[in-house]
Amino acid sequence: MRHFGHVAPEVRERLFHREPQLFSADSAPAMLAAALGATLYSPATRPRLADDVLKQAGRGVVSMVLCLEDSIDDSEVGGAEDNLVRQFARLAAHGGEAPLLFVRVREPRQITDLVTRLGTSVALLSGFVLPKFTEERGVPFLEALTAAEAACGRRLFAMPVLESPELLHLETRAETLAGISRTVDKYRDRVLALRLGVTDFCSAYGLRRPPDMTAYDVQIVASVIGDVVNLLGRADGTGFTVTGPVWEYFRHQERMFKPQLRRSPFLEEGAEPLREALIQHDLDGLLREIELDRANGLLGKTCIHPSHVLPVHALSVVSHEEYSDAQDILRPERGGGGVLRSAYTNKMNEVKPHRAWAERTLQRAEAFGVAREDVGFVELLTAGLPA
């Protein structure tokens, strides 16, 4: 699979200076973590779940979470587990290319039980999402994952969700973060990415951000994100990929703004007319939050609606200017440091301080590609819309 793989090859060639690279569930963990992109959640109770997975894969989704936790009622868990086993078998029988598939569980025993029940269709499973992760709760989950991996002979990843009240509350935050850090470091080879449960953070204080505000406008949430990245998202080799929080608002944007995107004013006048249109359709907040995610050290995003996927991916593509700066900074002859003017002559690139940024930028370029010099968000989003 690859990002923008659902787009015709001739269109990709027109859009990209360097196309997104192919990857699979067996690719290196660093590549998979960078390539998660918009991870689309779906309740595991959906009766046509296999069809939904294949449909979304055909529309550019490369990672999905099939949820047995908060998205379904407590009384539905047993039926949802049965449904998952049936739907994985259908996917295996279909043989089409599926996204990276993860299951969000409630209890550690579900991990070993599901891996056993999936049988040969476990080959389609990339891992599990672990809710309300702390040191105390997380260790049993990760032990179960280790046992399940040994039983099925397949590499399985964990994606812990950081969303517990202990992490939010000031008096327990430092201790909780330290415990999480110890746990994920011990199981580093199995932790693909850390996910932020911002909805649960808001719930602890009876808050819900409106569609014109981002998670970073809610100060109590922003402070937790900052502390998580501070300890767990470092670029010194000790950190992990931390993904962006869910955006809760949606309408059927594809139907609503696709005709406007096709009109020449959007393509001739640049992004501002498009942005004005998106403001009217509740997407401006999402676009701003995606930009703030990356500015604050997050990569990828939890999504609960298919219409969020294309904006996340379009804004994840590395611009030609970013790529040019990163390459200049990482040239072998620059190993000793120094300062140089950017090729775009609009900034100074300081080699040593900007090296980690440049390395992460080139990693993102592998996953999402590099846009041509004259290609921006509008063209990338338009190209990804269904015909």
# chains A, B, ... in the order shown; residues from 1 in each chain; ligands from 1
$ residues_around --residues "A:Glu136" --least-positions-apart "2" --cutoff "10 Å" --atoms "only C-alpha atoms" --output "VMD selection string"
chain A and resid 133 to 134 138 to 141 176 179 to 180 183
$ write_last_selection --atoms "N, CA and C atoms" --output "tab-separated table (two decimals), in the first residue's frame"
chain	number	residue	atom	x	y	z
A	133	PHE	N	-4.38	3.74	29.23
A	133	PHE	CA	-3.10	3.11	29.51
A	133	PHE	C	-2.37	3.82	30.64
A	134	THR	N	-2.01	3.06	31.64
A	134	THR	CA	-1.10	3.49	32.72
A	134	THR	C	-0.15	2.33	32.97
A	138	GLY	N	-1.34	-1.09	31.94
A	138	GLY	CA	-0.67	-1.40	30.68
A	138	GLY	C	0.13	-2.68	30.69
A	139	VAL	N	0.77	-3.00	31.80
A	139	VAL	CA	1.62	-4.19	31.84
A	139	VAL	C	0.84	-5.46	31.51
A	140	PRO	N	-0.34	-5.71	32.11
A	140	PRO	CA	-1.09	-6.93	31.73
A	140	PRO	C	-1.46	-6.96	30.25
A	141	PHE	N	-1.80	-5.83	29.66
A	141	PHE	CA	-2.10	-5.79	28.23
A	141	PHE	C	-0.88	-6.20	27.41
A	176	THR	N	2.32	9.38	36.91
A	176	THR	CA	1.68	8.55	35.89
A	176	THR	C	2.50	8.53	34.62
A	179	GLY	N	5.52	6.33	35.01
A	179	GLY	CA	5.16	4.92	34.94
A	179	GLY	C	4.89	4.47	33.52
A	180	ILE	N	4.18	5.31	32.76
A	180	ILE	CA	3.93	4.99	31.34
A	180	ILE	C	5.25	4.89	30.60
A	183	THR	N	7.02	1.66	31.27
A	183	THR	CA	6.34	0.51	30.67
A	183	THR	C	6.58	0.43	29.17
$ residues_around --residues "A:Lys352" --least-positions-apart "3" --cutoff "10 Å" --atoms "only C-alpha atoms" --output "VMD selection string"
chain A and resid 329 to 330 334 to 339 349 355 to 357
$ write_last_selection --atoms "N, CA and C atoms" --output "PDB file, in the first residue's frame"
ATOM      1  N   ILE A 329      20.167  20.640   5.098  1.00  0.00           N
ATOM      2  CA  ILE A 329      20.650  20.488   6.469  1.00  0.00           C
ATOM      3  C   ILE A 329      21.390  19.175   6.656  1.00  0.00           C
ATOM      4  N   LEU A 330      20.949  18.125   5.962  1.00  0.00           N
ATOM      5  CA  LEU A 330      21.504  16.789   6.175  1.00  0.00           C
ATOM      6  C   LEU A 330      22.602  16.411   5.190  1.00  0.00           C
ATOM      7  N   ARG A 334      27.766  19.003   5.693  1.00  0.00           N
ATOM      8  CA  ARG A 334      27.290  19.896   6.756  1.00  0.00           C
ATOM      9  C   ARG A 334      27.424  19.256   8.136  1.00  0.00           C
ATOM     10  N   GLY A 335      28.055  18.085   8.223  1.00  0.00           N
ATOM     11  CA  GLY A 335      28.127  17.357   9.484  1.00  0.00           C
ATOM     12  C   GLY A 335      28.735  18.141  10.628  1.00  0.00           C
ATOM     13  N   GLY A 336      29.576  19.097  10.310  1.00  0.00           N
ATOM     14  CA  GLY A 336      30.214  19.878  11.358  1.00  0.00           C
ATOM     15  C   GLY A 336      29.388  21.031  11.878  1.00  0.00           C
ATOM     16  N   GLY A 337      28.237  21.247  11.281  1.00  0.00           N
ATOM     17  CA  GLY A 337      27.369  22.331  11.739  1.00  0.00           C
ATOM     18  C   GLY A 337      27.414  23.527  10.813  1.00  0.00           C
ATOM     19  N   GLY A 338      27.090  24.684  11.373  1.00  0.00           N
ATOM     20  CA  GLY A 338      27.088  25.910  10.596  1.00  0.00           C
ATOM     21  C   GLY A 338      25.693  26.399  10.267  1.00  0.00           C
ATOM     22  N   VAL A 339      25.655  27.541   9.593  1.00  0.00           N
ATOM     23  CA  VAL A 339      24.398  28.185   9.219  1.00  0.00           C
ATOM     24  C   VAL A 339      24.441  28.455   7.722  1.00  0.00           C
ATOM     25  N   ASN A 349      18.895  28.189   7.778  1.00  0.00           N
ATOM     26  CA  ASN A 349      18.902  26.821   8.285  1.00  0.00           C
ATOM     27  C   ASN A 349      20.156  26.609   9.116  1.00  0.00           C
ATOM     28  N   ARG A 355      18.732  19.621  12.761  1.00  0.00           N
ATOM     29  CA  ARG A 355      18.983  18.279  12.237  1.00  0.00           C
ATOM     30  C   ARG A 355      17.845  17.310  12.569  1.00  0.00           C
ATOM     31  N   ALA A 356      17.376  17.298  13.805  1.00  0.00           N
ATOM     32  CA  ALA A 356      16.306  16.365  14.183  1.00  0.00           C
ATOM     33  C   ALA A 356      15.037  16.655  13.388  1.00  0.00           C
ATOM     34  N   TRP A 357      14.737  17.946  13.202  1.00  0.00           N
ATOM     35  CA  TRP A 357      13.575  18.305  12.380  1.00  0.00           C
ATOM     36  C   TRP A 357      13.752  17.780  10.959  1.00  0.00           C
TER      37      TRP A 357
END
$ residues_around --residues "A:Arg86" --least-positions-apart "4" --cutoff "9 Å" --atoms "only C-alpha atoms" --output "list in words"
Ala50, Glu81, Asp82, Arg90, Leu91 and Leu118 of chain A
$ atom_distance --atom1 "atom CA of A:Val312" --atom2 "atom CA of A:Leu68"
24.6 Å
$ select_by_dssp --residues "stretch 164-263 of chain A" --states "helix (DSSP H, G or I)" --output "number ranges by chain"
A: 165-168, 170-186, 188-190, 198-203, 215-217, 219-232, 253-262
$ closest_residue --among "A:Val122, A:Leu283, A:Val115, A:Val11" --to "A:Thr146" --atoms "only C-alpha atoms"
A:Val115
$ residues_around --residues "A:Gln363" --least-positions-apart "3" --cutoff "8 Å" --atoms "only C-alpha atoms" --output "PyMOL selection string"
chain A and resi 31+34+359-360+366-367
$ residues_around --residues "A:Ile304" --least-positions-apart "2" --cutoff "8 Å" --atoms "only C-alpha atoms" --output "PyMOL selection string"
chain A and resi 40-42+246-248+302+306+308
$ write_last_selection --atoms "all heavy atoms" --output "short mmCIF file (atom, residue, chain, number, x, y, z; two decimals), in the first residue's frame"
data_model
loop_
_atom_site.label_atom_id
_atom_site.label_comp_id
_atom_site.auth_asym_id
_atom_site.auth_seq_id
_atom_site.Cartn_x
_atom_site.Cartn_y
_atom_site.Cartn_z
N LEU A 40 -8.60 5.54 11.03
CA LEU A 40 -10.06 5.61 11.07
C LEU A 40 -10.61 4.55 12.01
O LEU A 40 -10.33 3.36 11.86
CB LEU A 40 -10.61 5.41 9.66
CG LEU A 40 -12.13 5.54 9.49
CD1 LEU A 40 -12.59 6.95 9.83
CD2 LEU A 40 -12.52 5.17 8.05
N TYR A 41 -11.42 4.99 12.97
CA TYR A 41 -12.04 4.09 13.93
C TYR A 41 -13.41 3.64 13.42
O TYR A 41 -14.14 4.43 12.81
CB TYR A 41 -12.23 4.78 15.28
CG TYR A 41 -11.02 4.73 16.18
CD1 TYR A 41 -9.78 5.20 15.76
CD2 TYR A 41 -11.12 4.22 17.47
CE1 TYR A 41 -8.68 5.16 16.59
CE2 TYR A 41 -10.01 4.18 18.32
CZ TYR A 41 -8.80 4.66 17.87
OH TYR A 41 -7.71 4.62 18.70
N SER A 42 -13.76 2.39 13.71
CA SER A 42 -15.08 1.86 13.35
C SER A 42 -15.54 0.90 14.43
O SER A 42 -14.75 0.07 14.89
CB SER A 42 -15.01 1.14 12.00
OG SER A 42 -16.28 0.59 11.66
N VAL A 246 -8.57 13.10 18.32
CA VAL A 246 -9.72 12.97 17.41
C VAL A 246 -10.39 14.33 17.21
O VAL A 246 -10.42 15.18 18.10
CB VAL A 246 -10.73 11.95 17.98
CG1 VAL A 246 -11.40 12.47 19.26
CG2 VAL A 246 -11.77 11.58 16.94
N TRP A 247 -10.91 14.54 15.99
CA TRP A 247 -11.77 15.69 15.69
C TRP A 247 -13.20 15.18 15.64
O TRP A 247 -13.51 14.27 14.88
CB TRP A 247 -11.36 16.32 14.36
CG TRP A 247 -12.14 17.54 14.02
CD1 TRP A 247 -13.18 17.64 13.14
CD2 TRP A 247 -11.98 18.84 14.59
NE1 TRP A 247 -13.67 18.93 13.11
CE2 TRP A 247 -12.95 19.69 14.00
CE3 TRP A 247 -11.11 19.38 15.54
CZ2 TRP A 247 -13.06 21.02 14.33
CZ3 TRP A 247 -11.22 20.71 15.88
CH2 TRP A 247 -12.19 21.52 15.27
N GLU A 248 -14.09 15.75 16.45
CA GLU A 248 -15.40 15.16 16.68
C GLU A 248 -16.47 15.58 15.68
O GLU A 248 -17.54 14.96 15.63
CB GLU A 248 -15.89 15.52 18.09
CG GLU A 248 -15.01 14.98 19.21
CD GLU A 248 -15.51 15.40 20.57
OE1 GLU A 248 -16.43 16.25 20.63
OE2 GLU A 248 -14.98 14.90 21.57
N THR A 302 -6.17 10.46 15.07
CA THR A 302 -7.33 9.59 15.24
C THR A 302 -8.52 10.22 14.54
O THR A 302 -8.81 11.41 14.72
CB THR A 302 -7.65 9.42 16.74
OG1 THR A 302 -6.56 8.74 17.37
CG2 THR A 302 -8.92 8.64 16.95
N PRO A 306 -14.90 9.26 7.78
CA PRO A 306 -14.07 9.18 6.57
C PRO A 306 -13.73 10.53 5.96
O PRO A 306 -12.68 10.66 5.31
CB PRO A 306 -14.93 8.34 5.61
CG PRO A 306 -15.82 7.53 6.49
CD PRO A 306 -16.12 8.42 7.68
N HIS A 308 -12.60 13.06 7.26
CA HIS A 308 -11.42 13.67 7.88
C HIS A 308 -10.11 13.13 7.30
O HIS A 308 -9.05 13.71 7.51
CB HIS A 308 -11.43 13.40 9.39
CG HIS A 308 -12.60 13.98 10.10
ND1 HIS A 308 -12.94 13.63 11.40
CD2 HIS A 308 -13.53 14.89 9.71
CE1 HIS A 308 -14.01 14.30 11.77
NE2 HIS A 308 -14.39 15.07 10.76
#
$ closest_residue --among "A:Leu156, A:Ala295, A:Ala235, A:Leu66" --to "A:Leu192" --atoms "only C-alpha atoms"
A:Leu156
$ residues_around --residues "A:Ala98" --least-positions-apart "4" --cutoff "10 Å" --atoms "only C-alpha atoms" --output "list in words"
Met1, Ser24, Ala25, Ala50, Val53, Leu54, Lys55, Gln56, Ala57, Gly58, Val61, Val62, Ser63, Met64, Leu91, Ala92, His94, Leu124 and Leu125 of chain A
$ atom_distance --atom1 "atom CA of A:Glu321" --atom2 "atom CA of A:Tyr344"
7.0 Å
$ decode --residues "stretch 115-147 of chain A" --atoms "N, CA and C atoms" --output "compact mmCIF listing (two decimals), in the first residue's frame"
# COMPACT_ATOMS: atom_id res chain seq x y z
N VAL A 115 -6.82 -13.59 19.11
CA VAL A 115 -5.77 -14.13 18.25
C VAL A 115 -5.98 -15.62 18.01
N THR A 116 -6.40 -16.34 19.04
CA THR A 116 -6.69 -17.77 18.88
C THR A 116 -7.89 -17.98 17.96
N ARG A 117 -8.94 -17.21 18.16
CA ARG A 117 -10.17 -17.40 17.39
C ARG A 117 -10.02 -16.95 15.93
N LEU A 118 -9.13 -16.03 15.66
CA LEU A 118 -8.96 -15.55 14.29
C LEU A 118 -8.35 -16.61 13.38
N GLY A 119 -7.61 -17.53 13.94
CA GLY A 119 -7.01 -18.58 13.13
C GLY A 119 -6.05 -18.00 12.10
N THR A 120 -6.16 -18.49 10.86
CA THR A 120 -5.23 -18.03 9.83
C THR A 120 -5.46 -16.58 9.41
N SER A 121 -6.68 -16.06 9.66
CA SER A 121 -6.94 -14.67 9.28
C SER A 121 -6.24 -13.68 10.19
N VAL A 122 -5.54 -14.18 11.22
CA VAL A 122 -4.72 -13.29 12.06
C VAL A 122 -3.64 -12.63 11.22
N ALA A 123 -3.36 -13.17 10.04
CA ALA A 123 -2.36 -12.56 9.16
C ALA A 123 -2.74 -11.15 8.75
N LEU A 124 -4.03 -10.79 8.88
CA LEU A 124 -4.49 -9.44 8.53
C LEU A 124 -4.42 -8.47 9.71
N LEU A 125 -4.06 -8.97 10.88
CA LEU A 125 -4.06 -8.16 12.10
C LEU A 125 -2.68 -7.57 12.35
N SER A 126 -2.63 -6.24 12.54
CA SER A 126 -1.35 -5.59 12.83
C SER A 126 -1.12 -5.38 14.32
N GLY A 127 -2.20 -5.41 15.13
CA GLY A 127 -1.99 -5.24 16.55
C GLY A 127 -3.24 -4.79 17.27
N PHE A 128 -3.02 -4.24 18.47
CA PHE A 128 -4.12 -3.88 19.35
C PHE A 128 -3.94 -2.47 19.89
N VAL A 129 -5.06 -1.80 20.11
CA VAL A 129 -5.09 -0.49 20.76
C VAL A 129 -5.49 -0.72 22.21
N LEU A 130 -4.69 -0.17 23.13
CA LEU A 130 -4.84 -0.45 24.56
C LEU A 130 -5.40 0.78 25.26
N PRO A 131 -6.62 0.73 25.78
CA PRO A 131 -7.28 1.92 26.32
C PRO A 131 -6.80 2.29 27.72
N LYS A 132 -6.95 3.58 28.04
CA LYS A 132 -6.73 4.09 29.40
C LYS A 132 -5.43 3.55 29.99
N PHE A 133 -4.38 3.74 29.23
CA PHE A 133 -3.10 3.11 29.51
C PHE A 133 -2.37 3.82 30.64
N THR A 134 -2.01 3.06 31.64
CA THR A 134 -1.10 3.49 32.72
C THR A 134 -0.15 2.33 32.97
N GLU A 135 0.81 2.52 33.84
CA GLU A 135 1.73 1.42 34.14
C GLU A 135 0.98 0.23 34.72
N GLU A 136 0.08 0.48 35.65
CA GLU A 136 -0.65 -0.61 36.30
C GLU A 136 -1.54 -1.35 35.31
N ARG A 137 -2.27 -0.59 34.48
CA ARG A 137 -3.17 -1.23 33.51
C ARG A 137 -2.42 -1.75 32.29
N GLY A 138 -1.34 -1.09 31.94
CA GLY A 138 -0.67 -1.40 30.68
C GLY A 138 0.13 -2.68 30.69
N VAL A 139 0.77 -3.00 31.80
CA VAL A 139 1.62 -4.19 31.84
C VAL A 139 0.84 -5.46 31.51
N PRO A 140 -0.34 -5.71 32.11
CA PRO A 140 -1.09 -6.93 31.73
C PRO A 140 -1.46 -6.96 30.25
N PHE A 141 -1.80 -5.83 29.66
CA PHE A 141 -2.10 -5.79 28.23
C PHE A 141 -0.88 -6.20 27.41
N LEU A 142 0.27 -5.64 27.75
CA LEU A 142 1.47 -5.92 26.98
C LEU A 142 1.98 -7.34 27.20
N GLU A 143 1.78 -7.88 28.37
CA GLU A 143 2.11 -9.28 28.60
C GLU A 143 1.22 -10.19 27.75
N ALA A 144 -0.07 -9.84 27.66
CA ALA A 144 -0.99 -10.62 26.83
C ALA A 144 -0.61 -10.52 25.36
N LEU A 145 -0.19 -9.33 24.93
CA LEU A 145 0.24 -9.14 23.55
C LEU A 145 1.46 -10.00 23.25
N THR A 146 2.40 -10.04 24.17
CA THR A 146 3.60 -10.86 24.00
C THR A 146 3.24 -12.33 23.87
N ALA A 147 2.31 -12.80 24.71
CA ALA A 147 1.89 -14.20 24.65
C ALA A 147 1.16 -14.49 23.34
